[in-house]
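Listing of target.cif, mmCIF, C-alpha atoms
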```cif
data_protein
#
loop_
_atom_site.label_atom_id
_atom_site.label_comp_id
_atom_site.auth_asym_id
_atom_site.auth_seq_id
_atom_site.Cartn_x
_atom_site.Cartn_y
_atom_site.Cartn_z
CA MET A 1 -71.88 122.69 -117.31
CA SER A 2 -69.25 120.05 -116.45
CA PHE A 3 -70.12 116.45 -115.64
CA ALA A 4 -68.29 113.69 -113.81
CA PRO A 5 -66.20 111.82 -116.40
CA PHE A 6 -66.36 108.09 -116.93
CA TYR A 7 -64.09 106.08 -119.15
CA ARG A 8 -66.14 103.18 -120.42
CA ASP A 9 -68.72 102.78 -123.17
CA SER A 10 -71.56 101.44 -121.02
CA TRP A 11 -73.89 103.58 -118.93
CA ALA A 12 -77.39 103.85 -117.49
CA GLU A 13 -79.60 106.88 -118.01
CA VAL A 14 -82.08 108.08 -115.39
CA GLU A 15 -84.74 110.50 -116.60
CA LEU A 16 -85.57 112.60 -113.54
CA SER A 17 -88.54 114.16 -115.32
CA ALA A 18 -90.14 110.70 -115.15
CA ILE A 19 -89.80 110.71 -111.34
CA ASP A 20 -91.49 114.10 -111.26
CA HIS A 21 -94.28 112.90 -113.56
CA ASN A 22 -95.00 109.71 -111.59
CA ILE A 23 -95.25 111.48 -108.24
CA LYS A 24 -97.55 114.14 -109.61
CA GLU A 25 -99.77 111.51 -111.22
CA LEU A 26 -100.08 109.70 -107.88
CA GLN A 27 -100.92 112.97 -106.13
CA LYS A 28 -103.84 113.40 -108.52
CA ARG A 29 -105.04 109.91 -107.59
CA LEU A 30 -104.75 110.24 -103.80
CA GLN A 31 -107.03 112.06 -101.42
CA PRO A 32 -105.78 115.66 -100.91
CA GLU A 33 -104.81 114.98 -97.29
CA THR A 34 -102.67 111.92 -98.09
CA LYS A 35 -98.95 112.63 -98.35
CA ILE A 36 -96.11 110.64 -99.93
CA TYR A 37 -92.97 109.03 -98.60
CA ALA A 38 -90.60 108.56 -101.55
CA VAL A 39 -88.89 105.19 -101.09
CA VAL A 40 -85.24 105.47 -102.12
CA LYS A 41 -83.79 102.34 -100.52
CA ALA A 42 -81.25 100.19 -102.39
CA ASN A 43 -79.68 103.30 -103.94
CA GLY A 44 -83.05 104.41 -105.23
CA TYR A 45 -83.85 100.96 -106.65
CA GLY A 46 -80.62 101.23 -108.63
CA HIS A 47 -81.44 104.68 -110.01
CA GLY A 48 -79.43 106.75 -107.51
CA ASP A 49 -80.76 107.62 -104.07
CA ILE A 50 -79.60 111.23 -103.79
CA GLU A 51 -80.71 112.27 -107.25
CA VAL A 52 -84.10 110.57 -106.99
CA ALA A 53 -84.66 111.90 -103.47
CA ASP A 54 -83.94 115.44 -104.60
CA GLN A 55 -86.34 115.19 -107.53
CA ALA A 56 -89.03 113.46 -105.47
CA LEU A 57 -89.05 116.20 -102.84
CA LYS A 58 -89.18 118.87 -105.53
CA ALA A 59 -92.16 117.04 -107.07
CA GLY A 60 -94.08 117.12 -103.79
CA ALA A 61 -93.03 114.14 -101.67
CA SER A 62 -93.08 115.01 -97.97
CA GLY A 63 -90.44 112.57 -96.73
CA LEU A 64 -88.05 109.77 -97.63
CA ALA A 65 -87.98 106.11 -96.65
CA VAL A 66 -85.07 103.67 -96.78
CA ALA A 67 -84.32 100.18 -95.51
CA LEU A 68 -81.08 100.73 -93.58
CA LEU A 69 -79.62 103.28 -91.21
CA ASP A 70 -76.57 103.51 -93.47
CA GLU A 71 -78.83 104.62 -96.33
CA ALA A 72 -80.49 107.24 -94.13
CA LEU A 73 -77.15 108.62 -92.93
CA ARG A 74 -75.97 108.96 -96.53
CA LEU A 75 -79.02 111.13 -97.26
CA ARG A 76 -78.49 113.26 -94.17
CA GLU A 77 -74.84 113.74 -95.12
CA ALA A 78 -76.00 114.86 -98.57
CA GLY A 79 -77.96 117.67 -96.95
CA PHE A 80 -81.52 116.33 -96.81
CA ASP A 81 -83.31 117.61 -93.71
CA CYS A 82 -86.80 116.25 -94.49
CA PRO A 83 -88.59 113.49 -92.51
CA LEU A 84 -86.59 110.30 -92.98
CA LEU A 85 -87.64 106.78 -92.01
CA VAL A 86 -85.64 103.55 -91.75
CA MET A 87 -88.17 100.80 -92.48
CA GLY A 88 -85.92 97.87 -91.53
CA TRP A 89 -84.27 96.82 -88.28
CA THR A 90 -81.76 99.14 -86.64
CA ARG A 91 -79.42 97.97 -83.91
CA PRO A 92 -80.49 99.37 -80.51
CA GLU A 93 -76.94 100.55 -79.83
CA ASP A 94 -77.27 102.80 -82.89
CA ALA A 95 -80.36 104.54 -81.51
CA PRO A 96 -78.32 107.56 -80.27
CA LEU A 97 -76.98 108.17 -83.78
CA ALA A 98 -80.45 107.91 -85.30
CA ALA A 99 -81.80 110.35 -82.71
CA GLU A 100 -78.94 112.79 -83.25
CA LYS A 101 -79.61 112.82 -86.99
CA GLU A 102 -83.40 112.97 -86.47
CA ILE A 103 -83.93 109.72 -88.33
CA ALA A 104 -87.08 107.78 -87.46
CA VAL A 105 -86.55 104.07 -86.79
CA THR A 106 -88.91 101.12 -86.98
CA VAL A 107 -89.74 99.32 -83.74
CA PHE A 108 -91.57 96.07 -83.03
CA GLN A 109 -89.66 94.40 -80.17
CA GLU A 110 -89.98 95.11 -76.45
CA ASP A 111 -86.37 94.07 -75.85
CA TRP A 112 -85.20 96.51 -78.51
CA LEU A 113 -86.85 99.40 -76.69
CA ARG A 114 -85.41 98.26 -73.39
CA GLN A 115 -81.89 98.06 -74.82
CA ALA A 116 -82.24 101.39 -76.61
CA SER A 117 -83.42 103.07 -73.41
CA GLU A 118 -80.13 102.07 -71.79
CA GLN A 119 -78.18 104.08 -74.37
CA SER A 120 -77.24 107.72 -73.97
CA ILE A 121 -79.69 109.23 -76.44
CA PRO A 122 -79.08 112.97 -77.04
CA LYS A 123 -82.57 113.97 -78.18
CA PRO A 124 -86.01 112.35 -78.64
CA LEU A 125 -85.88 109.24 -80.81
CA LYS A 126 -88.63 109.12 -83.43
CA LEU A 127 -90.35 105.74 -83.65
CA HIS A 128 -92.60 104.11 -86.24
CA MET A 129 -94.25 100.99 -84.84
CA LYS A 130 -94.57 98.17 -87.37
CA TRP A 131 -97.65 95.93 -87.33
CA ASP A 132 -97.40 92.56 -89.05
CA THR A 133 -100.88 92.07 -90.47
CA GLY A 134 -99.89 89.24 -92.78
CA MET A 135 -96.59 89.97 -94.51
CA GLY A 136 -94.80 87.74 -92.03
CA ARG A 137 -91.58 89.72 -92.08
CA ILE A 138 -91.25 92.05 -89.09
CA GLY A 139 -93.79 93.66 -86.80
CA ILE A 140 -96.05 92.97 -83.84
CA ARG A 141 -98.91 90.55 -84.38
CA THR A 142 -100.91 90.76 -81.14
CA THR A 143 -102.39 93.38 -78.84
CA GLU A 144 -100.25 91.93 -76.05
CA GLU A 145 -97.10 92.78 -77.99
CA MET A 146 -98.52 96.23 -78.71
CA ASP A 147 -99.22 96.89 -75.04
CA ALA A 148 -95.70 95.86 -74.07
CA LEU A 149 -94.19 98.27 -76.60
CA LEU A 150 -96.49 101.11 -75.62
CA ARG A 151 -95.58 100.67 -71.94
CA GLN A 152 -91.89 100.99 -72.80
CA ILE A 153 -92.54 104.08 -74.90
CA GLU A 154 -94.75 105.66 -72.23
CA GLN A 155 -92.15 105.05 -69.52
CA ASN A 156 -89.26 106.61 -71.45
CA ALA A 157 -89.55 110.29 -72.29
CA ILE A 158 -86.73 109.91 -74.79
CA PHE A 159 -89.03 107.90 -77.09
CA ARG A 160 -91.50 109.65 -79.38
CA LEU A 161 -94.03 107.47 -81.19
CA GLU A 162 -94.47 109.30 -84.45
CA ALA A 163 -96.32 106.76 -86.62
CA VAL A 164 -97.68 103.25 -87.03
CA PHE A 165 -97.47 101.28 -90.27
CA THR A 166 -98.00 97.95 -91.96
CA HIS A 167 -97.27 96.43 -95.36
CA PHE A 168 -99.60 94.58 -97.71
CA ALA A 169 -98.34 91.33 -99.22
CA THR A 170 -100.81 90.99 -102.10
CA ALA A 171 -101.94 94.52 -102.95
CA ASP A 172 -100.84 93.93 -106.55
CA ASP A 173 -102.80 90.65 -107.01
CA GLU A 174 -106.01 90.29 -108.96
CA GLU A 175 -107.71 88.56 -106.03
CA SER A 176 -108.22 90.89 -103.08
CA ASP A 177 -109.22 88.38 -100.38
CA TYR A 178 -105.88 88.38 -98.58
CA TYR A 179 -105.52 92.14 -98.95
CA LEU A 180 -108.91 92.57 -97.28
CA GLU A 181 -107.91 90.10 -94.59
CA GLN A 182 -104.82 92.18 -93.83
CA GLU A 183 -106.96 95.32 -93.72
CA GLN A 184 -109.22 93.66 -91.18
CA ARG A 185 -106.25 92.64 -89.03
CA PHE A 186 -105.04 96.21 -89.18
CA GLU A 187 -108.45 97.50 -88.09
CA ASN A 188 -108.54 95.04 -85.20
CA LEU A 189 -105.16 96.25 -83.97
CA PHE A 190 -106.16 99.85 -84.62
CA SER A 191 -109.31 99.52 -82.49
CA HIS A 192 -107.20 98.38 -79.57
CA PHE A 193 -104.58 101.06 -80.21
CA GLU A 194 -107.23 103.80 -80.12
CA ARG A 195 -108.38 102.63 -76.70
CA VAL A 196 -104.93 102.57 -75.09
CA TRP A 197 -103.06 105.44 -76.78
CA THR A 198 -104.40 108.98 -76.78
CA LYS A 199 -101.52 110.93 -78.32
CA ASP A 200 -101.49 111.94 -81.97
CA VAL A 201 -99.92 109.38 -84.28
CA GLU A 202 -99.81 109.13 -88.06
CA PHE A 203 -100.52 105.98 -90.04
CA HIS A 204 -99.18 104.67 -93.34
CA THR A 205 -100.22 101.38 -94.92
CA GLY A 206 -100.03 101.79 -98.69
CA ASN A 207 -97.24 100.67 -100.97
CA SER A 208 -97.20 101.52 -104.69
CA ALA A 209 -99.89 98.99 -105.57
CA ALA A 210 -102.26 99.84 -102.73
CA SER A 211 -101.83 103.59 -103.14
CA MET A 212 -102.65 103.46 -106.86
CA ARG A 213 -105.44 100.89 -106.68
CA PHE A 214 -107.17 101.86 -103.43
CA PRO A 215 -106.45 105.58 -102.90
CA GLU A 216 -109.60 106.14 -100.83
CA ARG A 217 -108.35 103.60 -98.24
CA MET A 218 -104.97 105.20 -97.65
CA LYS A 219 -104.05 106.85 -94.35
CA HIS A 220 -101.89 109.89 -93.64
CA PHE A 221 -99.04 108.75 -95.90
CA VAL A 222 -98.31 106.25 -98.66
CA ARG A 223 -94.90 104.77 -99.44
CA PHE A 224 -94.25 105.22 -103.15
CA GLY A 225 -91.56 102.79 -104.26
CA ILE A 226 -91.36 100.86 -107.51
CA SER A 227 -93.95 102.94 -109.35
CA MET A 228 -92.17 106.19 -108.56
CA TYR A 229 -89.57 104.84 -110.99
CA GLY A 230 -92.21 104.23 -113.66
CA LEU A 231 -92.67 100.49 -113.19
CA TYR A 232 -95.93 98.75 -112.30
CA PRO A 233 -95.60 96.30 -109.40
CA SER A 234 -97.31 93.45 -111.29
CA SER A 235 -98.86 92.58 -114.63
CA VAL A 236 -102.29 92.95 -113.00
CA VAL A 237 -101.63 96.56 -112.00
CA LYS A 238 -100.01 97.25 -115.36
CA GLU A 239 -103.13 96.06 -117.13
CA GLU A 240 -105.38 98.11 -114.86
CA ARG A 241 -103.10 101.16 -115.29
CA PRO A 242 -104.60 103.19 -112.44
CA ILE A 243 -102.21 106.01 -113.29
CA PRO A 244 -99.97 106.54 -116.34
CA LEU A 245 -96.34 105.90 -115.44
CA SER A 246 -93.18 106.97 -117.22
CA PRO A 247 -90.12 104.67 -116.86
CA ALA A 248 -87.02 106.48 -115.62
CA PHE A 249 -84.33 103.86 -116.30
CA SER A 250 -82.55 102.88 -119.51
CA LEU A 251 -79.29 101.02 -120.16
CA HIS A 252 -76.89 101.54 -123.04
CA SER A 253 -73.50 100.58 -124.42
CA ARG A 254 -71.57 100.69 -127.70
CA LEU A 255 -70.05 98.21 -130.10
CA ILE A 256 -66.31 97.93 -129.44
CA HIS A 257 -65.55 95.25 -132.01
CA VAL A 258 -67.29 93.95 -135.12
CA LYS A 259 -66.09 90.99 -137.19
CA LYS A 260 -67.35 88.55 -139.79
CA VAL A 261 -67.15 84.98 -138.54
CA GLU A 262 -67.40 82.06 -140.94
CA ALA A 263 -69.77 79.12 -140.43
CA ASN A 264 -69.14 76.46 -137.74
CA GLN A 265 -67.22 78.79 -135.42
CA SER A 266 -68.02 78.92 -131.70
CA ILE A 267 -68.54 82.06 -129.63
CA SER A 268 -67.65 82.61 -125.94
CA TYR A 269 -67.09 80.27 -122.99
CA GLY A 270 -68.25 76.69 -123.27
CA ALA A 271 -68.79 76.96 -127.03
CA THR A 272 -72.55 77.09 -126.42
CA TYR A 273 -73.17 78.99 -129.67
CA THR A 274 -71.86 77.99 -133.10
CA THR A 275 -72.42 80.01 -136.24
CA GLU A 276 -74.53 78.29 -138.89
CA GLN A 277 -73.27 80.51 -141.73
CA ASP A 278 -71.09 83.56 -142.17
CA GLU A 279 -72.25 85.97 -139.47
CA TRP A 280 -71.45 89.46 -138.27
CA ILE A 281 -70.62 89.31 -134.55
CA GLY A 282 -70.45 92.42 -132.37
CA THR A 283 -68.80 92.70 -128.93
CA ILE A 284 -70.31 94.89 -126.20
CA PRO A 285 -68.30 95.96 -123.10
CA LEU A 286 -70.80 94.95 -120.42
CA GLY A 287 -71.11 91.69 -118.49
CA TYR A 288 -72.28 89.88 -115.41
CA ALA A 289 -70.01 91.97 -113.16
CA ASP A 290 -72.19 94.88 -114.26
CA GLY A 291 -75.39 92.97 -113.46
CA TRP A 292 -76.11 91.78 -117.02
CA ILE A 293 -76.18 88.19 -115.84
CA ARG A 294 -75.42 85.01 -117.79
CA LYS A 295 -79.07 83.95 -117.88
CA LEU A 296 -79.67 86.80 -120.33
CA GLN A 297 -77.98 84.80 -123.10
CA GLY A 298 -80.45 84.82 -126.01
CA MET A 299 -82.05 88.11 -124.96
CA ASP A 300 -82.31 90.84 -127.61
CA VAL A 301 -80.62 94.23 -127.61
CA LEU A 302 -81.24 97.13 -129.97
CA VAL A 303 -78.80 98.32 -132.63
CA ASP A 304 -79.86 100.77 -135.34
CA GLY A 305 -83.47 100.46 -134.13
CA LYS A 306 -83.48 96.69 -134.72
CA ARG A 307 -83.37 93.68 -132.41
CA HIS A 308 -80.22 91.56 -132.32
CA PRO A 309 -79.79 88.49 -130.08
CA ILE A 310 -77.07 87.84 -127.51
CA VAL A 311 -75.06 84.81 -128.66
CA GLY A 312 -72.75 82.72 -126.53
CA ARG A 313 -72.34 83.00 -122.80
CA ILE A 314 -72.20 86.44 -121.24
CA CYS A 315 -68.72 87.06 -119.81
CA MET A 316 -67.79 89.05 -116.72
CA ASP A 317 -67.07 92.21 -118.71
CA GLN A 318 -68.31 91.61 -122.27
CA PHE A 319 -70.88 89.79 -124.37
CA MET A 320 -71.45 89.17 -128.05
CA ILE A 321 -74.45 89.69 -130.33
CA ARG A 322 -75.34 88.50 -133.82
CA LEU A 323 -75.71 91.48 -136.15
CA ASP A 324 -77.71 91.66 -139.34
CA GLN A 325 -74.87 93.55 -141.08
CA GLU A 326 -71.58 95.29 -140.38
CA TYR A 327 -71.81 98.34 -138.10
CA PRO A 328 -69.07 100.81 -137.16
CA VAL A 329 -67.27 100.50 -133.86
CA GLY A 330 -68.94 102.98 -131.49
CA THR A 331 -72.48 102.30 -132.68
CA LYS A 332 -74.93 102.72 -129.79
CA VAL A 333 -76.47 99.58 -128.28
CA THR A 334 -79.58 99.79 -126.09
CA LEU A 335 -80.21 96.99 -123.62
CA ILE A 336 -83.16 98.67 -121.87
CA GLY A 337 -84.96 101.56 -123.52
CA LYS A 338 -86.01 102.83 -126.92
CA GLN A 339 -84.40 103.06 -130.32
CA GLU A 340 -86.59 104.44 -133.09
CA ASP A 341 -89.87 102.43 -133.01
CA GLN A 342 -88.43 99.53 -131.00
CA GLU A 343 -88.30 99.27 -127.20
CA ILE A 344 -86.94 96.77 -124.71
CA THR A 345 -88.64 97.38 -121.38
CA VAL A 346 -87.67 96.46 -117.85
CA ASP A 347 -90.76 94.24 -117.88
CA GLU A 348 -89.44 92.32 -120.87
CA VAL A 349 -86.09 91.70 -119.21
CA ALA A 350 -87.83 90.65 -115.99
CA ASP A 351 -90.09 88.24 -117.89
CA TYR A 352 -87.07 86.73 -119.65
CA LEU A 353 -85.44 86.11 -116.27
CA ASP A 354 -88.70 84.91 -114.68
CA THR A 355 -88.47 87.57 -112.00
CA ILE A 356 -90.03 90.92 -111.07
CA THR A 357 -89.30 94.39 -112.40
CA TYR A 358 -87.89 95.51 -109.03
CA GLU A 359 -84.87 93.27 -109.48
CA ILE A 360 -83.70 94.56 -112.86
CA PRO A 361 -82.48 98.13 -112.12
CA CYS A 362 -81.32 96.97 -108.68
CA MET A 363 -79.05 94.33 -110.21
CA ILE A 364 -77.18 96.79 -112.46
CA SER A 365 -74.06 97.30 -110.42
CA SER A 366 -72.35 100.50 -109.30
CA ARG A 367 -69.67 99.77 -111.91
CA VAL A 368 -72.13 101.12 -114.47
CA PRO A 369 -72.13 104.94 -114.32
CA ARG A 370 -75.51 106.66 -114.03
CA MET A 371 -76.19 109.63 -116.29
CA TYR A 372 -79.00 111.94 -115.14
CA LYS A 373 -81.31 113.76 -117.51
CA LYS A 374 -84.25 116.15 -117.37
CA GLN A 375 -86.46 116.40 -120.42
CA GLY A 376 -83.76 114.50 -122.29
CA GLU A 377 -80.95 116.92 -121.43
CA GLN A 378 -78.08 115.77 -119.22
CA VAL A 379 -77.82 117.41 -115.79
CA LYS A 380 -75.11 117.26 -113.18
CA ALA A 381 -75.61 114.54 -110.59
CA ARG A 382 -76.61 116.11 -107.27
CA HIS A 383 -74.38 113.78 -105.25
CA LEU A 384 -71.32 115.42 -106.85
CA LEU A 385 -72.19 118.61 -104.99
CA PHE A 386 -71.52 116.78 -101.70
CA SER A 387 -68.45 114.74 -102.70
#
```

Turn the structure described in the file into structure tokens.
Amino acid sequence: MSFAPFYRDSWAEVELSAIDHNIKELQKRLQPETKIYAVVKANGYGHGDIEVADQALKAGASGLAVALLDEALRLREAGFDCPLLVMGWTRPEDAPLAAEKEIAVTVFQEDWLRQASEQSIPKPLKLHMKWDTGMGRIGIRTTEEMDALLRQIEQNAIFRLEAVFTHFATADDEESDYYLEQEQRFENLFSHFERVWTKDVEFHTGNSAASMRFPERMKHFVRFGISMYGLYPSSVVKEERPIPLSPAFSLHSRLIHVKKVEANQSISYGATYTTEQDEWIGTIPLGYADGWIRKLQGMDVLVDGKRHPIVGRICMDQFMIRLDQEYPVGTKVTLIGKQEDQEITVDEVADYLDTITYEIPCMISSRVPRMYKKQGEQVKARHLLFS
């Protein structure tokens, strides 16, 4: 089997078997009637949208969710004909394109529906109404807003209300007070909705945290995002471990230069690191243009199954590490992942940067090629079939 070539010694690996495992573990946790939207926005959280989407559907997901119409169109162009939802805002003038491609869009503004109804829409436009129960991002907050939207939908045969959804802001927190408050707001809106709308509509409220922690409270669908990739949404959920997750993402490079530097010599921009004695210094061809940002100075990487610290400022395309001995050029370096009995996790990198796990694979830029594996064996990237 041939693979797309790349000509640099840094790459990310995505283990698709982990995607399969995580979805199947969630299915065991959910009620039998609850289905899964696989969330593949932001290029599959940096893992690769097409490849993850393909594996997720094979594992049992019933549909896909993204943030942008552009992301949805990319999936349609790649041949996916499953239910597909854009969870963010879509311009009303793009409603005809969404309808043509049978892409469901999120609605929460009366004016949006009015403007969309003035477009020449070729077939029924699928709508998911967003309720803001406490996230404070987008969505209707009152029954008055709901009534206004429902009137517009009822008056225009081109609109088809397919689902209603909300998003929980604190489903991954230890304290559940605000989560319960959002649930109550949802129920209040739902009670009104039941009285004024008699047609069949599906509901989805659960993100990764809610779906794993409160499976009995989930509706028709859950939206499986960060944990589909093997990452717990918070330290609280990680400690609870409602289902066993398998991380899909790892990041690797190779030593391209190794030298012995005598004492009192500075390394990299700004001379922020000076050797205290004779030291072996290795250079790695990855930098902040690849998403390995300057704040990671001092972070460890793995060489020969041992931890070695990043010394000096990280450059745009390269950084340096202090080695415990001389190693050959070409020796593998692992920035995220396992070597022998050592592991650097996404959680560790996120903690070092004082951020969340979501940000880490997302920040690794498209300049870093993704290599796809199943059960450890490389497979051809599905998106190459549509290039």

Around all listed atoms of range 196-207 of chain A, padded 6 Å per side, what centre and edge lengths does the axis-aligned box have in Å to one decimal, as AutoDock Vina command-line options?
```
--center_x -101.1 --center_y 106.3 --center_z -88.0 --size_x 19.7 --size_y 23.3 --size_z 37.9
```

List the residues sitting within 12 Å of (-68.4, 80.6, -128.4) in the file's frame, using all atoms listed in the file, as a compact mmCIF listing (two decimals) with C-alpha atoms, in the coordinates of the input.
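File produced: part_17.txt:
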```txt
# COMPACT_ATOMS: atom_id res chain seq x y z
CA VAL A 261 -67.15 84.98 -138.54
CA ASN A 264 -69.14 76.46 -137.74
CA GLN A 265 -67.22 78.79 -135.42
CA SER A 266 -68.02 78.92 -131.70
CA ILE A 267 -68.54 82.06 -129.63
CA SER A 268 -67.65 82.61 -125.94
CA TYR A 269 -67.09 80.27 -122.99
CA GLY A 270 -68.25 76.69 -123.27
CA ALA A 271 -68.79 76.96 -127.03
CA THR A 272 -72.55 77.09 -126.42
CA TYR A 273 -73.17 78.99 -129.67
CA THR A 274 -71.86 77.99 -133.10
CA THR A 275 -72.42 80.01 -136.24
CA ILE A 281 -70.62 89.31 -134.55
CA GLN A 297 -77.98 84.80 -123.10
CA ILE A 310 -77.07 87.84 -127.51
CA VAL A 311 -75.06 84.81 -128.66
CA GLY A 312 -72.75 82.72 -126.53
CA ARG A 313 -72.34 83.00 -122.80
CA ILE A 314 -72.20 86.44 -121.24
CA CYS A 315 -68.72 87.06 -119.81
CA PHE A 319 -70.88 89.79 -124.37
CA MET A 320 -71.45 89.17 -128.05
CA ILE A 321 -74.45 89.69 -130.33
CA ARG A 322 -75.34 88.50 -133.82
```

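Restricting the calculation to all atoms listed in the file, the smallest distance between Glu359 in chain A and any of A:Glu25, A:Gly46, A:Gly136, A:Lys260 is found for A:Gly46.
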
Residue nearest Gln31 in chain A among A:Asp290, A:Glu216, A:Glu181, A:Asp324 (counting only C-alpha atoms): A:Glu216

Nearest candidate to Pro215 in chain A (options A:Gly79, A:Gly230, A:Pro32, A:Pro5; using only C-alpha atoms): A:Pro32

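For the choices A:Trp131, A:Trp11, A:Phe214, A:Tyr358, the atom-to-atom distance to Glu187 in chain A is smallest for A:Trp131 when using all atoms listed in the file.
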
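Candidate residues A:Thr34, A:Gln152, A:Ser365, A:Ser253 were compared for distance to Arg223 in chain A, and the nearest is A:Thr34, using all atoms listed in the file.
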
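Of the listed residues (A:Pro124, A:Gly139, A:Gly60, A:Gly337), A:Gly337 comes nearest to Ala248 in chain A; the distances count all atoms listed in the file.
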
To test your reading of the syntax: which residues would the PyMOL selection byres ((chain A and resi 92) around 8) return for the file shown? Reply as a PDB file with C-alpha atoms, in the frame of the given file.
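expr_34.pdb, freshly written:
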```
ATOM      1  CA  THR A  90     -81.760  99.140 -86.640  1.00  0.00           C
ATOM      2  CA  ARG A  91     -79.420  97.970 -83.910  1.00  0.00           C
ATOM      3  CA  GLU A  93     -76.940 100.550 -79.830  1.00  0.00           C
ATOM      4  CA  ASP A  94     -77.270 102.800 -82.890  1.00  0.00           C
ATOM      5  CA  ALA A  95     -80.360 104.540 -81.510  1.00  0.00           C
ATOM      6  CA  TRP A 112     -85.200  96.510 -78.510  1.00  0.00           C
ATOM      7  CA  LEU A 113     -86.850  99.400 -76.690  1.00  0.00           C
ATOM      8  CA  GLN A 115     -81.890  98.060 -74.820  1.00  0.00           C
ATOM      9  CA  ALA A 116     -82.240 101.390 -76.610  1.00  0.00           C
TER      10      ALA A 116
END
```

Length of the CA of Ala72 in chain A to CA of His128 in chain A vector [Å]: 14.8 Å

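A straight line drawn from CA of Glu240 in chain A to CA of Glu174 in chain A is 9.8 Å long.
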
Evaluate the PyMOL selection byres ((chain A and resi 380) around 6) and report residues as a tab-separated table (two decimals) with C-alpha atoms, in the coordinates of the input:
```
chain	number	residue	atom	x	y	z
A	3	PHE	CA	-70.12	116.45	-115.64
A	379	VAL	CA	-77.82	117.41	-115.79
A	381	ALA	CA	-75.61	114.54	-110.59
```

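For the atom pair formed by CA of Pro233 in chain A and CA of Ser62 in chain A, the distance is 22.1 Å, given to one decimal.
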
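What the PyMOL selection byres ((chain A and resi 249) around 10) grabs from this file is A:Ala12, A:Glu13, A:Val14, A:Glu15, A:Leu16, A:Ala18, A:Gly46, A:His47, A:Tyr229, A:Gly230, A:Leu231, A:Ser246, A:Pro247, A:Ala248, A:Ser250, A:Leu251, A:Ile336, A:Gly337, A:Thr345, A:Val346, A:Ile360, A:Pro361, A:Arg370, A:Met371, A:Tyr372.
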
Store the residues of this selection in a file with C-alpha atoms, as a PDB file, keeping the file's coordinate frame.
```
ATOM      1  CA  ALA A  12     -77.390 103.850-117.490  1.00  0.00           C
ATOM      2  CA  GLU A  13     -79.600 106.880-118.010  1.00  0.00           C
ATOM      3  CA  VAL A  14     -82.080 108.080-115.390  1.00  0.00           C
ATOM      4  CA  GLU A  15     -84.740 110.500-116.600  1.00  0.00           C
ATOM      5  CA  LEU A  16     -85.570 112.600-113.540  1.00  0.00           C
ATOM      6  CA  ALA A  18     -90.140 110.700-115.150  1.00  0.00           C
ATOM      7  CA  GLY A  46     -80.620 101.230-108.630  1.00  0.00           C
ATOM      8  CA  HIS A  47     -81.440 104.680-110.010  1.00  0.00           C
ATOM      9  CA  TYR A 229     -89.570 104.840-110.990  1.00  0.00           C
ATOM     10  CA  GLY A 230     -92.210 104.230-113.660  1.00  0.00           C
ATOM     11  CA  LEU A 231     -92.670 100.490-113.190  1.00  0.00           C
ATOM     12  CA  SER A 246     -93.180 106.970-117.220  1.00  0.00           C
ATOM     13  CA  PRO A 247     -90.120 104.670-116.860  1.00  0.00           C
ATOM     14  CA  ALA A 248     -87.020 106.480-115.620  1.00  0.00           C
ATOM     15  CA  SER A 250     -82.550 102.880-119.510  1.00  0.00           C
ATOM     16  CA  LEU A 251     -79.290 101.020-120.160  1.00  0.00           C
ATOM     17  CA  ILE A 336     -83.160  98.670-121.870  1.00  0.00           C
ATOM     18  CA  GLY A 337     -84.960 101.560-123.520  1.00  0.00           C
ATOM     19  CA  THR A 345     -88.640  97.380-121.380  1.00  0.00           C
ATOM     20  CA  VAL A 346     -87.670  96.460-117.850  1.00  0.00           C
ATOM     21  CA  ILE A 360     -83.700  94.560-112.860  1.00  0.00           C
ATOM     22  CA  PRO A 361     -82.480  98.130-112.120  1.00  0.00           C
ATOM     23  CA  ARG A 370     -75.510 106.660-114.030  1.00  0.00           C
ATOM     24  CA  MET A 371     -76.190 109.630-116.290  1.00  0.00           C
ATOM     25  CA  TYR A 372     -79.000 111.940-115.140  1.00  0.00           C
TER      26      TYR A 372
END
```

I'd like the contact shell of Thr170 in chain A - 8 Å cut-off, only C-alpha atoms, skipping same-chain residues fewer than 6 positions apart - returned as a short mmCIF file (atom, residue, chain, number, x, y, z; two decimals) with C-alpha atoms, keeping the file's coordinate frame.
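What follows is the written file selection-v2.cif:
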```cif
data_model
loop_
_atom_site.label_atom_id
_atom_site.label_comp_id
_atom_site.auth_asym_id
_atom_site.auth_seq_id
_atom_site.Cartn_x
_atom_site.Cartn_y
_atom_site.Cartn_z
CA SER A 176 -108.22 90.89 -103.08
CA TYR A 178 -105.88 88.38 -98.58
CA TYR A 179 -105.52 92.14 -98.95
#
```

Protein, DNA and RNA residues within 7 Å of (-90.4, 99.8, -78.0), all atoms listed in the file, as a VMD selection string: chain A and resid 107 to 110 112 to 114 149 to 150 152 to 153

For the residues selected in the previous step, produce a file with C-alpha atoms as a PDB file, in the frame of the given file.
```
ATOM      1  CA  VAL A 107     -89.740  99.320 -83.740  1.00  0.00           C
ATOM      2  CA  PHE A 108     -91.570  96.070 -83.030  1.00  0.00           C
ATOM      3  CA  GLN A 109     -89.660  94.400 -80.170  1.00  0.00           C
ATOM      4  CA  GLU A 110     -89.980  95.110 -76.450  1.00  0.00           C
ATOM      5  CA  TRP A 112     -85.200  96.510 -78.510  1.00  0.00           C
ATOM      6  CA  LEU A 113     -86.850  99.400 -76.690  1.00  0.00           C
ATOM      7  CA  ARG A 114     -85.410  98.260 -73.390  1.00  0.00           C
ATOM      8  CA  LEU A 149     -94.190  98.270 -76.600  1.00  0.00           C
ATOM      9  CA  LEU A 150     -96.490 101.110 -75.620  1.00  0.00           C
ATOM     10  CA  GLN A 152     -91.890 100.990 -72.800  1.00  0.00           C
ATOM     11  CA  ILE A 153     -92.540 104.080 -74.900  1.00  0.00           C
TER      12      ILE A 153
END
```
